[in-house]
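Enquirer: Take a look at work22.txt, compact mmCIF, C-alpha atoms and all ligand atoms:
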# COMPACT_ATOMS: atom_id res chain seq x y z
CA MET Q 1 79.82 51.19 10.06
CA THR Q 2 79.62 48.30 7.62
CA HIS Q 3 82.27 47.41 5.06
CA LEU Q 4 81.17 46.00 1.71
CA LEU Q 5 83.22 43.86 -0.66
CA HIS Q 6 81.88 44.27 -4.19
CA ILE Q 7 83.09 41.71 -6.76
CA ASP Q 8 82.26 41.47 -10.46
CA SER Q 9 83.24 38.44 -12.51
CA SER Q 10 81.65 39.02 -15.93
CA PRO Q 11 84.23 39.66 -18.66
CA ARG Q 12 81.65 41.93 -20.31
CA GLY Q 13 81.48 45.65 -19.69
CA ASP Q 14 78.34 47.73 -20.24
CA ARG Q 15 76.44 44.75 -21.66
CA SER Q 16 76.85 42.73 -18.47
CA HIS Q 17 73.63 42.37 -16.50
CA SER Q 18 75.33 41.07 -13.34
CA ARG Q 19 77.75 44.01 -13.40
CA ARG Q 20 74.93 46.56 -13.81
CA MET Q 21 72.88 45.00 -11.01
CA THR Q 22 75.74 44.78 -8.49
CA GLN Q 23 76.53 48.43 -9.25
CA GLU Q 24 72.91 49.43 -8.70
CA PHE Q 25 72.86 47.41 -5.48
CA VAL Q 26 75.95 49.14 -4.09
CA GLU Q 27 74.77 52.61 -5.20
CA GLN Q 28 71.41 52.12 -3.50
CA TRP Q 29 73.04 50.67 -0.39
CA GLN Q 30 75.28 53.75 -0.14
CA LYS Q 31 72.28 56.06 -0.45
CA VAL Q 32 70.77 54.38 2.61
CA TYR Q 33 74.08 54.00 4.47
CA PRO Q 34 76.34 56.84 3.23
CA ASN Q 35 79.03 56.14 5.85
CA ASP Q 36 79.55 52.52 4.81
CA THR Q 37 82.74 51.77 2.92
CA VAL Q 38 83.30 49.64 -0.19
CA THR Q 39 86.20 47.68 -1.63
CA TYR Q 40 85.76 46.85 -5.30
CA ARG Q 41 87.42 43.91 -7.06
CA ASP Q 42 86.86 43.32 -10.75
CA ILE Q 43 87.99 39.76 -11.50
CA GLY Q 44 86.11 39.78 -14.82
CA HIS Q 45 88.51 42.38 -16.20
CA ASN Q 46 91.51 41.54 -14.00
CA PRO Q 47 91.47 37.73 -13.83
CA ILE Q 48 92.72 35.81 -10.85
CA PRO Q 49 95.52 33.30 -11.58
CA HIS Q 50 94.99 29.60 -11.03
CA VAL Q 51 96.72 27.97 -8.10
CA ASP Q 52 100.01 26.26 -9.04
CA GLU Q 53 102.57 23.98 -7.37
CA ALA Q 54 104.32 26.79 -5.47
CA TRP Q 55 100.92 28.07 -4.24
CA ILE Q 56 100.00 24.62 -2.90
CA ALA Q 57 103.37 24.23 -1.19
CA ALA Q 58 102.95 27.67 0.40
CA ALA Q 59 99.36 27.08 1.51
CA PHE Q 60 100.34 23.90 3.35
CA THR Q 61 103.62 25.17 4.89
CA PRO Q 62 103.46 27.19 8.14
CA PRO Q 63 104.02 30.91 7.31
CA GLU Q 64 107.08 31.11 9.59
CA GLN Q 65 108.79 28.52 7.34
CA HIS Q 66 108.02 30.36 4.09
CA THR Q 67 110.92 31.09 1.77
CA ALA Q 68 110.79 34.29 -0.30
CA GLU Q 69 109.49 32.18 -3.21
CA LEU Q 70 106.64 30.65 -1.15
CA GLN Q 71 105.76 34.05 0.29
CA GLU Q 72 105.43 35.47 -3.21
CA ALA Q 73 103.42 32.44 -4.41
CA ILE Q 74 100.76 33.00 -1.72
CA ARG Q 75 100.82 36.82 -1.65
CA LEU Q 76 97.70 37.43 -3.77
CA SER Q 77 95.79 34.69 -1.94
CA ASP Q 78 96.65 36.30 1.41
CA GLN Q 79 95.50 39.65 0.07
CA LEU Q 80 92.20 38.19 -1.18
CA VAL Q 81 91.62 36.41 2.14
CA ASP Q 82 92.37 39.63 4.10
CA GLU Q 83 89.90 41.45 1.84
CA LEU Q 84 87.25 38.78 2.43
CA LEU Q 85 87.72 38.71 6.20
CA SER Q 86 87.68 42.49 6.58
CA ALA Q 87 84.27 42.87 4.87
CA ASP Q 88 80.92 42.44 6.62
CA VAL Q 89 78.74 42.28 3.51
CA TYR Q 90 79.49 40.84 0.07
CA VAL Q 91 77.84 41.92 -3.19
CA ILE Q 92 78.92 39.60 -5.96
CA GLY Q 93 78.04 39.30 -9.67
CA VAL Q 94 78.39 35.78 -11.09
CA PRO Q 95 77.15 34.82 -14.59
CA MET Q 96 76.17 31.23 -15.35
CA TYR Q 97 78.74 29.70 -17.70
CA ASN Q 98 78.04 26.15 -18.85
CA PHE Q 99 75.74 25.51 -15.90
CA SER Q 100 78.21 26.71 -13.28
CA VAL Q 101 80.36 29.75 -12.44
CA PRO Q 102 82.87 31.32 -14.91
CA SER Q 103 86.34 29.76 -14.55
CA VAL Q 104 87.72 33.06 -13.24
CA PHE Q 105 85.29 32.87 -10.33
CA LYS Q 106 86.39 29.30 -9.62
CA ALA Q 107 90.00 30.56 -9.67
CA TYR Q 108 88.97 33.17 -7.06
CA ILE Q 109 87.33 30.48 -4.90
CA ASP Q 110 90.49 28.36 -5.04
CA GLN Q 111 92.48 31.36 -3.76
CA ILE Q 112 90.20 32.13 -0.80
CA VAL Q 113 89.49 28.64 0.53
CA ARG Q 114 92.53 28.42 2.81
CA VAL Q 115 93.11 25.96 5.64
CA GLY Q 116 93.95 27.90 8.78
CA ARG Q 117 92.61 31.17 7.40
CA THR Q 118 89.06 30.69 6.12
CA VAL Q 119 88.47 27.09 7.22
CA ALA Q 120 90.09 25.12 10.05
CA PHE Q 121 91.08 21.47 9.62
CA GLU Q 122 90.94 19.29 12.71
CA PRO Q 123 91.72 15.73 11.55
CA ASN Q 124 90.97 14.18 14.93
CA ASP Q 125 87.37 15.35 14.85
CA ALA Q 126 85.94 12.44 12.85
CA ALA Q 127 82.44 13.90 12.83
CA ASN Q 128 83.40 17.33 11.54
CA ALA Q 129 87.03 17.81 10.54
CA PHE Q 130 86.45 21.12 8.75
CA LYS Q 131 85.35 24.15 10.78
CA PRO Q 132 84.22 27.35 9.06
CA LEU Q 133 86.11 30.52 10.02
CA VAL Q 134 84.23 33.23 8.05
CA LEU Q 135 81.35 33.86 10.40
CA GLY Q 136 78.71 36.55 10.86
CA LYS Q 137 78.75 37.77 7.24
CA LYS Q 138 75.97 38.57 4.80
CA MET Q 139 76.16 37.87 1.07
CA PHE Q 140 74.12 39.06 -1.92
CA ILE Q 141 74.80 37.30 -5.22
CA VAL Q 142 73.51 38.50 -8.58
CA GLU Q 143 73.36 35.51 -10.92
CA SER Q 144 72.89 36.28 -14.61
CA ARG Q 145 71.79 33.60 -17.07
CA GLY Q 146 70.94 33.26 -20.74
CA ASP Q 147 67.95 31.03 -20.06
CA SER Q 148 65.65 30.36 -17.10
CA GLY Q 149 64.09 27.33 -15.40
CA PHE Q 150 67.04 26.38 -13.19
CA GLN Q 151 65.11 26.72 -9.92
CA PRO Q 152 63.69 23.69 -8.03
CA GLY Q 153 60.91 22.22 -10.19
CA GLY Q 154 62.18 24.07 -13.29
CA ARG Q 155 62.97 22.33 -16.58
CA TYR Q 156 66.77 22.71 -16.07
CA GLU Q 157 66.85 22.05 -12.33
CA LYS Q 158 69.19 19.05 -12.68
CA MET Q 159 71.68 21.09 -14.76
CA ASN Q 160 72.04 23.82 -12.15
CA TYR Q 161 75.55 23.88 -10.65
CA HIS Q 162 75.34 27.62 -10.17
CA ASP Q 163 73.61 28.60 -6.91
CA PRO Q 164 73.90 25.07 -5.38
CA TYR Q 165 77.68 25.28 -5.87
CA LEU Q 166 77.91 28.80 -4.41
CA ILE Q 167 75.79 27.80 -1.40
CA THR Q 168 78.06 24.77 -0.82
CA VAL Q 169 81.42 26.48 -1.13
CA PHE Q 170 80.57 29.68 0.76
CA GLY Q 171 78.71 27.62 3.38
CA PHE Q 172 81.90 25.55 3.82
CA LEU Q 173 83.62 28.80 4.86
CA GLY Q 174 80.75 29.79 7.16
CA ILE Q 175 78.91 32.22 4.90
CA THR Q 176 75.39 30.88 5.11
CA ASP Q 177 73.32 34.07 4.95
CA ILE Q 178 73.12 34.33 1.15
CA THR Q 179 70.42 36.10 -0.87
CA PHE Q 180 70.26 35.50 -4.61
CA ILE Q 181 69.06 38.01 -7.20
CA HIS Q 182 68.51 36.63 -10.69
CA VAL Q 183 68.66 38.24 -14.12
CA GLU Q 184 67.62 35.57 -16.59
CA ASN Q 185 66.71 35.21 -20.27
CA ASP Q 186 69.60 37.22 -21.70
CA GLU Q 187 69.56 34.90 -24.75
CA TYR Q 188 65.91 35.71 -25.47
CA GLY Q 189 66.05 39.47 -24.93
CA GLY Q 190 62.80 41.43 -25.39
CA GLN Q 191 59.98 41.22 -22.90
CA LYS Q 192 61.29 38.10 -21.11
CA LEU Q 193 64.61 39.75 -20.31
CA ALA Q 194 62.98 43.11 -19.46
CA GLU Q 195 60.64 41.43 -16.97
CA SER Q 196 63.54 39.63 -15.29
CA ILE Q 197 65.57 42.86 -15.00
CA ALA Q 198 62.54 44.71 -13.56
CA LYS Q 199 62.06 41.93 -10.98
CA ALA Q 200 65.74 42.08 -10.00
CA ARG Q 201 65.54 45.88 -9.63
CA THR Q 202 62.49 45.61 -7.35
CA GLN Q 203 64.28 43.02 -5.24
CA ILE Q 204 67.40 45.21 -4.98
CA ALA Q 205 65.28 48.22 -3.93
CA GLU Q 206 63.58 46.12 -1.24
CA LEU Q 207 66.82 44.56 0.02
CA THR Q 208 68.74 47.81 0.25
CA ALA Q 209 65.82 49.61 1.90
CA ALA Q 210 65.59 46.82 4.48
C1 LIG A 301 80.81 30.89 -22.20
C2 LIG A 301 79.36 31.10 -21.86
C3 LIG A 301 78.62 30.08 -21.32
C4 LIG A 301 77.27 30.27 -20.99
N1 LIG A 301 76.59 29.24 -20.42
C5 LIG A 301 75.29 29.43 -20.06
C6 LIG A 301 74.53 28.37 -19.43
O1 LIG A 301 75.02 27.30 -19.17
N2 LIG A 301 73.23 28.62 -19.12
C7 LIG A 301 72.65 29.82 -19.34
O2 LIG A 301 71.48 29.99 -19.01
N3 LIG A 301 73.34 30.84 -19.93
C8 LIG A 301 74.64 30.67 -20.29
N4 LIG A 301 75.34 31.70 -20.85
C9 LIG A 301 74.70 33.02 -20.97
C10 LIG A 301 75.11 33.96 -19.84
O3 LIG A 301 74.86 33.37 -18.58
C11 LIG A 301 74.33 35.27 -19.93
O4 LIG A 301 74.68 35.92 -21.15
C12 LIG A 301 74.59 36.20 -18.77
O5 LIG A 301 73.78 37.36 -18.92
C13 LIG A 301 76.07 36.61 -18.69
O6 LIG A 301 76.30 37.45 -17.59
P1 LIG A 301 76.61 39.02 -17.81
O7 LIG A 301 75.38 39.58 -18.50
O8 LIG A 301 76.80 39.57 -16.47
O9 LIG A 301 77.83 39.12 -18.68
C14 LIG A 301 76.67 31.53 -21.22
C15 LIG A 301 77.42 32.58 -21.78
C16 LIG A 301 78.74 32.37 -22.11
C17 LIG A 301 79.54 33.51 -22.72
Could I get this file's structure written as structure tokens?
Ligand SMILES: Cc1cc2nc3c(=O)[nH]c(=O)nc-3n(C[C@H](O)[C@H](O)[C@H](O)COP(=O)(O)O)c2cc1C
Expert:
Amino acid sequence: MTHLLHIDSSPRGDRSHSRRMTQEFVEQWQKVYPNDTVTYRDIGHNPIPHVDEAWIAAAFTPPEQHTAELQEAIRLSDQLVDELLSADVYVIGVPMYNFSVPSVFKAYIDQIVRVGRTVAFEPNDAANAFKPLVLGKKMFIVESRGDSGFQPGGRYEKMNYHDPYLITVFGFLGITDITFIHVENDEYGGQKLAESIAKARTQIAELTAA
């Protein structure tokens, strides 16, 4: 039995393309694998707080030395890390905001990149001090965008800090098996948007069937 972690990060509701596509993905997955389980986290509607001074102190103090204050400061981060580690497959919706991820998604990333929990730090290994700890996982990311042309060779390639960033940060944790699904051209609407949605739906049908 596989456990899915489904995350949405768009602040929009019914009008969100990434939200609709992750939902369709999970629904189709469950039709194929009815015994699989899903945890849902909606950070678009329930934002994740930014890390603060107490969080940093807690993250870099051994747990056995935590005061009640430090324990509380790191509680949500621990919960998010537990959630991440207990899932086998991730289905994540991430809009493009100003060429990168929405700030709430960055806040989520800052909570789950944890030395000793999701990445090991071995300072004496000069060649490779950071060792990924989140291994053997599979990730599907729906990226929604207002425009298109961010892919290699596209007119906005150099402005794309969206999938390159996600590949870098999740790869740093050990999640390297990532498949992207794109819904583009939201700003244009009409035929251009409809074609992109149709393409995403075909890809989702193929991925979940496989
Ligand atoms: C604050 C903000 C910034 C955006 N920045 C970009 C951008 O840099 N490039 C782009 O193609 N679209 C941009 N868009 C458009 C969104 O990516 C697009 O509407 C997408 O469909 C949003 O995801 P959602 O449909 O899941 O809500 C931006 C939208 C907002 C609200």
Enquirer: Could I get the residue neighbourhood of ligand LIG 301 (chain A) at 6 Å, counting all atoms listed in the file, as a count of residues only?
Expert: 16
Enquirer: Choose the residue, out of Q:Asn160, Q:Gly171, Q:Leu133, Q:Ile181, that has the smallest atom-to-atom separation from Q:Lys199; count all atoms listed in the file.
Expert: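 Of the candidates, the smallest distance to Q:Lys199 is held by Q:Ile181.
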Enquirer: Which residue out of Q:Ser86, Q:Gly116, Q:Pro102, Q:Glu72 has the minimum interatomic distance to Q:Tyr161 when all atoms listed in the file are used?
Expert: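 The shortest atom-to-atom distance to Q:Tyr161 comes from Q:Pro102.
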Enquirer: Given only C-alpha atoms as the basis, pick out the residue of Q:Val38, Q:Ile48, Q:Ile167, Q:Ile197 nearest to Q:Tyr90.
Expert: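 The answer is Q:Val38, which sits nearest to Q:Tyr90.
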Enquirer: Could you pull the residues within 10 Å of Q:Asp78, counting all atoms listed in the file, minus those fewer than 6 positions along the same chain, as a ChimeraX atom specification?
Expert: /Q:59,71-72,84,111-112,114,117
Enquirer: Fewer than 6 positions away in the same chain doesn't count, so skip those; otherwise give me all residues within 12 Å of stretch 21-26 of chain Q, counting all atoms listed in the file, as a PyMOL selection string.
Expert: chain Q and resi 3-10+13-15+32-34+36-42+89-95+139-144+180-183+196-209
Enquirer: In Å to one decimal, how far is atom CA of Q:Val134 from atom CA of Q:Leu85?
Expert: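 Separating atom CA of Q:Leu85 from atom CA of Q:Val134 is a distance of 6.8 Å.
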Enquirer: Find the residues near Q:Trp55: any atom within 8 Å, counting only C-alpha atoms, skip ones fewer than 5 places away on the same chain, and give them as a list of chain:residue names.
Expert: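 Selected residues are Q:Leu70, Q:Ala73, Q:Ile74.
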Enquirer: Find, counting all atoms listed in the file, the residue in Q:Ala87, Q:Ser100, Q:Ile109, Q:Gly190 that gets nearest to Q:Lys158.
Expert: Q:Ser100
Enquirer: My list of candidates is Q:Ser148, Q:Phe130, Q:Val169, Q:Pro123. Which is closest to Q:Leu193 when distances are computed with all atoms listed in the file?
Expert: Q:Ser148
Enquirer: So what do you get for atom CA of Q:Arg155 versus atom CA of Q:Lys106, distance-wise?
Expert: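 It comes out at 25.4 Å.
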Enquirer: Between Q:Val115, Q:Leu166, Q:Ala54, Q:Ala194, which has the minimum distance to Q:Ala129 (counting all atoms listed in the file)?
Expert: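 Of Q:Val115, Q:Leu166, Q:Ala54, Q:Ala194, the one nearest Q:Ala129 is Q:Val115, counting all atoms listed in the file.
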Enquirer: Just the number, please: distance in Å from atom CA of Q:His45 to atom CA of Q:Pro11, one decimal.
Expert: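 These atoms are spaced 5.6 Å apart.
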